[in-house]
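**Q** What follows is start-v7.txt; its format and atoms are compact mmCIF, C-alpha atoms.
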# COMPACT_ATOMS: atom_id res chain seq x y z
CA MET U 1 14.93 12.19 -28.47
CA GLU U 2 16.07 12.14 -24.84
CA LYS U 3 14.65 9.24 -22.85
CA LEU U 4 12.17 10.16 -20.15
CA SER U 5 13.38 7.18 -18.08
CA ASN U 6 16.45 9.23 -17.14
CA PRO U 7 15.73 10.32 -13.52
CA GLN U 8 17.22 13.79 -14.21
CA LYS U 9 14.80 14.20 -17.14
CA THR U 10 11.86 13.15 -14.95
CA ILE U 11 12.83 15.75 -12.33
CA GLU U 12 13.21 18.37 -15.07
CA VAL U 13 9.70 17.68 -16.41
CA ILE U 14 8.16 17.69 -12.91
CA LYS U 15 9.80 21.03 -12.11
CA LYS U 16 8.87 22.57 -15.47
CA TYR U 17 5.18 21.90 -14.91
CA GLN U 18 5.31 22.29 -11.11
CA PHE U 19 3.62 18.92 -10.96
CA ASN U 20 2.37 17.65 -7.60
CA PHE U 21 1.98 13.90 -7.13
CA GLN U 22 -1.61 12.96 -6.35
CA LYS U 23 -1.91 10.32 -3.65
CA LYS U 24 -5.53 9.64 -4.67
CA PHE U 25 -4.29 8.47 -8.09
CA GLY U 26 -1.50 6.30 -6.65
CA GLN U 27 1.16 8.06 -8.74
CA ASN U 28 4.67 6.57 -8.71
CA PHE U 29 6.65 7.25 -11.89
CA LEU U 30 9.02 4.57 -13.17
CA ILE U 31 12.60 5.88 -13.52
CA ASP U 32 14.57 2.74 -14.34
CA GLU U 33 15.27 2.06 -18.01
CA ARG U 34 16.19 -1.58 -17.38
CA VAL U 35 12.76 -2.26 -15.90
CA ILE U 36 11.07 -0.56 -18.86
CA ASP U 37 13.11 -2.74 -21.24
CA LYS U 38 11.95 -5.84 -19.32
CA ILE U 39 8.30 -4.75 -19.63
CA ILE U 40 8.62 -4.13 -23.39
CA ALA U 41 10.38 -7.48 -23.89
CA ALA U 42 7.87 -9.42 -21.75
CA ALA U 43 4.92 -7.87 -23.59
CA GLU U 44 6.58 -8.83 -26.90
CA ILE U 45 5.62 -5.52 -28.52
CA THR U 46 6.07 -5.39 -32.32
CA LYS U 47 5.28 -2.94 -35.12
CA GLU U 48 2.08 -4.91 -35.74
CA ASP U 49 0.68 -4.15 -32.26
CA CYS U 50 -1.89 -1.74 -30.95
CA VAL U 51 -1.10 -1.17 -27.26
CA LEU U 52 -3.37 0.19 -24.56
CA GLU U 53 -1.42 1.86 -21.76
CA ILE U 54 -3.19 2.67 -18.51
CA GLY U 55 -1.81 5.58 -16.46
CA PRO U 56 1.07 6.89 -18.62
CA GLY U 57 2.18 9.52 -16.07
CA ILE U 58 4.65 11.81 -17.86
CA GLY U 59 5.06 9.31 -20.71
CA THR U 60 8.16 7.37 -19.65
CA LEU U 61 6.88 3.93 -20.66
CA THR U 62 4.66 5.41 -23.39
CA GLN U 63 7.70 6.75 -25.22
CA MET U 64 9.31 3.32 -25.40
CA LEU U 65 6.03 1.67 -26.38
CA ALA U 66 5.61 4.14 -29.25
CA GLU U 67 9.05 3.24 -30.57
CA HIS U 68 8.16 -0.46 -30.70
CA ALA U 69 4.41 -0.51 -31.52
CA LYS U 70 2.19 0.49 -34.42
CA GLN U 71 -0.24 2.43 -32.21
CA VAL U 72 -0.35 3.38 -28.51
CA ILE U 73 -3.55 4.47 -26.77
CA ALA U 74 -2.65 6.06 -23.44
CA VAL U 75 -5.48 6.60 -20.94
CA GLU U 76 -4.65 9.07 -18.14
CA ILE U 77 -7.13 10.04 -15.41
CA ASP U 78 -5.19 13.09 -14.11
CA LYS U 79 -6.05 16.15 -16.25
CA ASN U 80 -2.93 17.92 -14.92
CA LEU U 81 -0.78 15.40 -16.80
CA ILE U 82 -2.38 15.97 -20.22
CA PRO U 83 -0.34 19.10 -21.12
CA VAL U 84 2.77 17.32 -19.84
CA LEU U 85 2.11 14.31 -22.08
CA GLU U 86 1.35 16.53 -25.07
CA ASP U 87 4.77 18.12 -24.54
CA THR U 88 6.89 15.04 -23.74
CA LEU U 89 5.32 12.90 -26.47
CA GLY U 90 4.70 15.62 -29.06
CA ASN U 91 7.17 14.14 -31.55
CA TYR U 92 5.26 10.85 -31.86
CA ASP U 93 2.41 10.52 -34.34
CA ASN U 94 1.35 7.04 -33.21
CA ILE U 95 0.15 7.98 -29.71
CA LEU U 96 -3.44 8.81 -28.78
CA ILE U 97 -3.84 10.41 -25.32
CA ILE U 98 -7.23 10.11 -23.62
CA ASN U 99 -8.04 11.98 -20.41
CA GLN U 100 -10.47 9.60 -18.75
CA ASP U 101 -10.98 7.03 -16.00
CA ILE U 102 -10.05 3.65 -17.53
CA LEU U 103 -12.97 2.01 -15.70
CA LYS U 104 -15.35 4.25 -17.71
CA VAL U 105 -13.70 3.88 -21.12
CA ASP U 106 -15.41 1.80 -23.81
CA ILE U 107 -12.30 -0.21 -24.68
CA ASN U 108 -14.16 -2.39 -27.18
CA GLU U 109 -14.99 0.75 -29.16
CA LEU U 110 -11.32 1.84 -29.13
CA VAL U 111 -10.17 -1.61 -30.24
CA GLU U 112 -12.65 -1.56 -33.12
CA LYS U 113 -11.66 1.95 -34.21
CA TYR U 114 -7.88 1.73 -33.88
CA ASN U 115 -7.16 -1.98 -34.41
CA GLY U 116 -10.03 -3.21 -36.55
CA GLY U 117 -11.38 -5.33 -33.67
CA LYS U 118 -8.21 -7.44 -33.52
CA PRO U 119 -6.73 -8.30 -30.08
CA ILE U 120 -4.64 -5.59 -28.42
CA LYS U 121 -1.91 -5.77 -25.79
CA VAL U 122 -2.32 -3.95 -22.48
CA VAL U 123 0.75 -2.55 -20.73
CA ALA U 124 0.66 -0.49 -17.54
CA ASN U 125 2.32 0.66 -14.36
CA LEU U 126 -0.94 0.32 -12.45
CA PRO U 127 -2.04 2.37 -9.43
CA TYR U 128 -1.96 -0.27 -6.69
CA TYR U 129 -5.20 0.76 -5.02
CA ILE U 130 -7.22 -0.10 -8.13
CA THR U 131 -5.24 -2.97 -9.68
CA THR U 132 -7.85 -5.71 -9.25
CA PRO U 133 -10.88 -3.76 -10.62
CA ILE U 134 -8.87 -2.75 -13.70
CA ILE U 135 -7.56 -6.24 -14.49
CA MET U 136 -10.87 -7.98 -13.83
CA GLY U 137 -12.71 -5.28 -15.79
CA LEU U 138 -10.52 -6.01 -18.82
CA PHE U 139 -11.18 -9.75 -18.64
CA GLU U 140 -14.85 -9.73 -17.65
CA SER U 141 -15.84 -7.24 -20.36
CA HIS U 142 -14.33 -9.69 -22.90
CA VAL U 143 -12.22 -7.01 -24.57
CA PRO U 144 -10.26 -8.55 -27.47
CA LEU U 145 -6.82 -8.75 -25.91
CA GLU U 146 -3.79 -10.92 -26.32
CA SER U 147 -1.99 -10.16 -23.08
CA VAL U 148 -1.82 -7.85 -20.07
CA THR U 149 1.69 -6.95 -18.88
CA VAL U 150 1.52 -4.82 -15.76
CA MET U 151 3.47 -3.49 -12.81
CA VAL U 152 1.58 -4.33 -9.63
CA GLN U 153 2.23 -4.65 -5.91
CA LYS U 154 4.50 -7.65 -5.33
CA GLU U 155 2.06 -9.53 -3.09
CA VAL U 156 -0.74 -9.07 -5.65
CA ALA U 157 1.48 -10.57 -8.37
CA GLN U 158 2.17 -13.53 -6.06
CA ARG U 159 -1.55 -13.93 -5.38
CA MET U 160 -2.34 -14.08 -9.11
CA GLN U 161 -0.16 -17.14 -9.69
CA GLU U 162 -0.70 -19.12 -6.47
CA GLY U 163 -2.36 -22.55 -6.28
CA PRO U 164 -4.44 -24.38 -3.63
CA ASN U 165 -3.43 -24.53 0.04
CA CYS U 166 -1.16 -21.46 -0.17
CA LYS U 167 -1.68 -18.43 2.06
CA GLU U 168 -1.89 -16.03 -0.91
CA TYR U 169 -4.31 -18.26 -2.86
CA GLY U 170 -7.77 -16.78 -3.19
CA ALA U 171 -10.57 -15.47 -5.41
CA LEU U 172 -8.15 -13.27 -7.40
CA SER U 173 -5.86 -16.24 -8.13
CA LEU U 174 -8.77 -18.24 -9.52
CA ALA U 175 -10.28 -15.37 -11.50
CA VAL U 176 -6.97 -14.49 -13.18
CA GLN U 177 -6.13 -18.13 -13.92
CA TYR U 178 -9.59 -18.71 -15.42
CA TYR U 179 -8.95 -16.01 -18.03
CA ALA U 180 -5.16 -16.07 -18.47
CA LYS U 181 -1.83 -17.76 -17.86
CA PRO U 182 0.20 -15.71 -15.32
CA TYR U 183 3.97 -15.36 -15.61
CA LEU U 184 6.08 -13.37 -13.14
CA VAL U 185 8.54 -11.30 -15.20
CA ALA U 186 10.56 -9.47 -12.54
CA ASN U 187 10.53 -8.12 -9.00
CA VAL U 188 11.06 -4.35 -8.85
CA PRO U 189 12.45 -2.55 -5.75
CA PRO U 190 11.05 0.80 -4.53
CA ASN U 191 14.12 2.78 -5.71
CA CYS U 192 12.99 2.30 -9.34
CA PHE U 193 10.17 4.80 -8.76
CA MET U 194 9.65 8.47 -8.00
CA PRO U 195 8.39 8.91 -5.36
CA ARG U 196 9.38 5.59 -3.81
CA PRO U 197 6.39 3.40 -2.86
CA ASN U 198 6.29 1.78 0.58
CA VAL U 199 5.96 -1.71 -0.90
CA GLY U 200 7.82 -3.94 -3.31
CA SER U 201 6.53 -4.24 -6.87
CA ALA U 202 6.54 -6.84 -9.62
CA VAL U 203 5.93 -7.05 -13.35
CA ILE U 204 3.54 -9.83 -14.32
CA ARG U 205 2.34 -10.92 -17.74
CA LEU U 206 -1.13 -12.42 -18.10
CA THR U 207 -1.49 -14.20 -21.44
CA ARG U 208 -5.15 -14.59 -22.39
CA TRP U 209 -6.22 -18.19 -22.92
CA GLU U 210 -7.47 -18.89 -26.43
CA GLN U 211 -9.83 -21.32 -24.78
CA CYS U 212 -10.71 -21.37 -21.06
CA PRO U 213 -8.87 -24.20 -19.23
CA VAL U 214 -12.13 -25.35 -17.59
CA GLN U 215 -15.66 -25.87 -18.86
CA VAL U 216 -18.32 -24.16 -16.72
CA GLU U 217 -22.10 -24.40 -17.07
CA ASP U 218 -22.68 -21.06 -15.31
CA GLU U 219 -19.65 -18.76 -15.07
CA LYS U 220 -21.44 -16.22 -12.86
CA PHE U 221 -22.49 -18.94 -10.41
CA MET U 222 -18.96 -20.39 -10.22
CA PHE U 223 -17.45 -17.03 -9.31
CA ALA U 224 -20.17 -16.44 -6.70
CA LEU U 225 -19.24 -19.85 -5.26
CA ILE U 226 -15.54 -18.90 -5.23
CA ARG U 227 -16.27 -15.55 -3.55
CA ALA U 228 -18.36 -17.27 -0.89
CA ALA U 229 -15.58 -19.80 -0.22
CA PHE U 230 -12.90 -17.13 0.29
CA ASN U 231 -15.04 -14.49 2.03
CA GLN U 232 -15.00 -16.90 4.97
CA ARG U 233 -11.95 -18.96 4.13
CA ARG U 234 -11.54 -20.43 7.63
CA LYS U 235 -15.02 -21.96 7.48
CA THR U 236 -15.88 -25.21 5.74
CA LEU U 237 -17.33 -24.87 2.24
CA VAL U 238 -20.68 -26.13 3.52
CA ASN U 239 -20.94 -23.31 6.07
CA ALA U 240 -19.37 -20.59 3.90
CA VAL U 241 -21.77 -21.29 1.03
CA ASN U 242 -24.75 -21.57 3.38
CA ASN U 243 -23.93 -18.04 4.64
CA ALA U 244 -23.85 -16.63 1.08
CA LYS U 245 -27.43 -15.56 0.42
CA GLU U 246 -26.83 -14.87 -3.30
CA LEU U 247 -26.17 -18.58 -3.94
CA GLU U 248 -29.36 -19.99 -2.40
CA ILE U 249 -27.65 -23.32 -1.75
CA THR U 250 -28.66 -25.22 1.39
CA LYS U 251 -26.27 -27.18 3.60
CA GLU U 252 -27.96 -30.36 2.43
CA GLN U 253 -27.45 -29.53 -1.26
CA MET U 254 -23.82 -28.62 -0.65
CA THR U 255 -23.12 -31.77 1.38
CA ALA U 256 -24.77 -33.92 -1.30
CA ALA U 257 -22.63 -32.33 -4.06
CA LEU U 258 -19.44 -32.88 -2.05
CA ASN U 259 -20.39 -36.50 -1.38
CA GLU U 260 -21.11 -37.07 -5.08
CA LEU U 261 -17.61 -35.84 -5.95
CA GLY U 262 -15.94 -37.80 -3.15
CA TYR U 263 -14.99 -34.75 -1.06
CA SER U 264 -15.08 -34.50 2.72
CA PRO U 265 -17.96 -32.42 4.19
CA THR U 266 -15.30 -30.53 6.21
CA LEU U 267 -13.48 -29.36 3.04
CA ARG U 268 -12.45 -25.70 2.82
CA GLY U 269 -12.42 -23.68 -0.40
CA GLU U 270 -8.68 -23.01 -0.22
CA ALA U 271 -8.05 -26.71 -0.93
CA LEU U 272 -9.79 -26.69 -4.34
CA SER U 273 -8.15 -25.97 -7.68
CA LEU U 274 -9.84 -24.06 -10.51
CA GLN U 275 -10.79 -27.34 -12.18
CA GLU U 276 -12.28 -28.65 -8.92
CA PHE U 277 -14.29 -25.45 -8.39
CA ALA U 278 -15.60 -25.77 -11.95
CA THR U 279 -16.64 -29.40 -11.36
CA LEU U 280 -18.30 -28.53 -8.03
CA SER U 281 -20.07 -25.56 -9.61
CA ASN U 282 -21.39 -27.71 -12.48
CA THR U 283 -22.59 -30.37 -10.00
CA LEU U 284 -24.47 -27.77 -7.93
CA VAL U 285 -26.04 -26.16 -11.03
CA LYS U 286 -27.18 -29.59 -12.24
CA GLY U 287 -28.71 -30.38 -8.85
CA LYS U 288 -30.61 -27.10 -8.44
Turn the structure described in the file into structure tokens.
**A**
Amino acid sequence: MEKLSNPQKTIEVIKKYQFNFQKKFGQNFLIDERVIDKIIAAAEITKEDCVLEIGPGIGTLTQMLAEHAKQVIAVEIDKNLIPVLEDTLGNYDNILIINQDILKVDINELVEKYNGGKPIKVVANLPYYITTPIIMGLFESHVPLESVTVMVQKEVAQRMQEGPNCKEYGALSLAVQYYAKPYLVANVPPNCFMPRPNVGSAVIRLTRWEQCPVQVEDEKFMFALIRAAFNQRRKTLVNAVNNAKELEITKEQMTAALNELGYSPTLRGEALSLQEFATLSNTLVKGK
């Protein structure tokens, strides 16, 4: 079967269905076979795998996933693409197409039904405007997953793997690194898409930790602490946390916790690693 990654084939399909790109869905179709090969290789897809693809578009990546995986579940929000997908992927019997918003899908139910509850692999060319909610939704809902290999905006990929005292380091860096090990697979220029995005892109693989790298007494509290620190990143931790009403931590409590751990009272959140945030969080929970 002819590969959909051929740009001429993509144009042919778009013309056939008179498809109009929807800006609200952040649609940019991948048209570079080499990039698709890199995604498949990085995700380490085998005939044993059940793969969840988010935003299949016209099925370019889906087609290649189906040739390597046991089962592909493709979730597409744009109802106008469903007849296109049913046409382009009609020859494959291991693809399930679902017309729904991925943020409203019960992924745990799908995993149970199509993979017997065993961990799946997620692969996607994500809409950039909704990258963070999708990735964090996957991790926070504790879906059984082995890895997430996704195309995202280049600066977001950089943010996911940054460490303390870097400009791009922030709440997303810490959240991703709490759940997974990030690995930058490849940078992808705009000419690999149709239409071309205005920003550079990157493929990143997030391999789910079998065991979290830090031990936290209260996960919800730690992430509230992290959010408070980076919502006002130019302020000291003492002041940033004092301004976060959801935490109910006084300046005195915060200063005491910092002193106990040997930190300066003028410390900013951007200087702390994930392990240090976990230790600080546990100290504050213990002292409440």
**Q** Name all residues at most 12 Å from Glu76 of chain U (count all atoms listed in the file; drop same-chain ones fewer than 2 positions away) and give them as an MDAnalysis selection string.
**A** chainID U and resid 25 27 52:59 62 73:74 78:86 96:105 124:127
**Q** Interatomic distance between atom CA of Pro182 of chain U and atom CA of Glu109 of chain U?
**A**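 Result for atom CA of Pro182 of chain U versus atom CA of Glu109 of chain U: 26.3 Å, one decimal.
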**Q** Could you name the residues that touch segment 267-273 of chain U at 7 Å or less, counting only C-alpha atoms, but leaving out those on the same chain fewer than 2 positions away, as an NGL selection string?
**A** :U and (163-165 or 169-170 or 229-230 or 233 or 235-237 or 263-265 or 275-277)
**Q** Please identify all polymer residues within 10 Å of Gln211 of chain U, counting all atoms listed in the file, omitting same-chain residues fewer than 5 positions from it, and present them as number ranges by chain.
**A** U: 178-180
**Q** Put those residues in a file: C-alpha atoms, as a PDB file, in the coordinates of the input.
**A**
ATOM      1  CA  TYR U 178      -9.590 -18.710 -15.420  1.00  0.00           C
ATOM      2  CA  TYR U 179      -8.950 -16.010 -18.030  1.00  0.00           C
ATOM      3  CA  ALA U 180      -5.160 -16.070 -18.470  1.00  0.00           C
TER       4      ALA U 180
END
**Q** Looking at U:Leu138, U:Cys50, U:Ile95, U:Leu89, which one is nearest to Val75 of chain U, with distances taken over all atoms listed in the file?
**A**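 Selected residue with least distance to Val75 of chain U: U:Ile95.
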**Q** Can you work out the spacing between atom CA of Glu33 of chain U and atom CA of Glu155 of chain U in Å, to one decimal?
**A**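 Rounded to one decimal, the two atoms are 23.1 Å apart.
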**Q** Restricting the calculation to only C-alpha atoms: of U:Asp49, U:Glu67, U:Asp32, U:Asp106, which residue gets closest to Thr10 of chain U?
**A**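 Checking each of U:Asp49, U:Glu67, U:Asp32, U:Asp106 against Thr10 of chain U, counting only C-alpha atoms, the winner is U:Asp32.
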**Q** Please identify all polymer residues within 9 Å of segment 191-202 of chain U, counting all atoms listed in the file, omitting same-chain residues fewer than 3 positions from it, and present them as a ChimeraX atom specification.
**A** /U:7,10,21,27-33,35,150-158,184-188
**Q** Those same residues - C-alpha atoms - I'd like them written as a tab-separated table (two decimals), keeping the file's coordinate frame.
**A**
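Result file again.tsv:
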chain	number	residue	atom	x	y	z
U	7	PRO	CA	15.73	10.32	-13.52
U	10	THR	CA	11.86	13.15	-14.95
U	21	PHE	CA	1.98	13.90	-7.13
U	27	GLN	CA	1.16	8.06	-8.74
U	28	ASN	CA	4.67	6.57	-8.71
U	29	PHE	CA	6.65	7.25	-11.89
U	30	LEU	CA	9.02	4.57	-13.17
U	31	ILE	CA	12.60	5.88	-13.52
U	32	ASP	CA	14.57	2.74	-14.34
U	33	GLU	CA	15.27	2.06	-18.01
U	35	VAL	CA	12.76	-2.26	-15.90
U	150	VAL	CA	1.52	-4.82	-15.76
U	151	MET	CA	3.47	-3.49	-12.81
U	152	VAL	CA	1.58	-4.33	-9.63
U	153	GLN	CA	2.23	-4.65	-5.91
U	154	LYS	CA	4.50	-7.65	-5.33
U	155	GLU	CA	2.06	-9.53	-3.09
U	156	VAL	CA	-0.74	-9.07	-5.65
U	157	ALA	CA	1.48	-10.57	-8.37
U	158	GLN	CA	2.17	-13.53	-6.06
U	184	LEU	CA	6.08	-13.37	-13.14
U	185	VAL	CA	8.54	-11.30	-15.20
U	186	ALA	CA	10.56	-9.47	-12.54
U	187	ASN	CA	10.53	-8.12	-9.00
U	188	VAL	CA	11.06	-4.35	-8.85
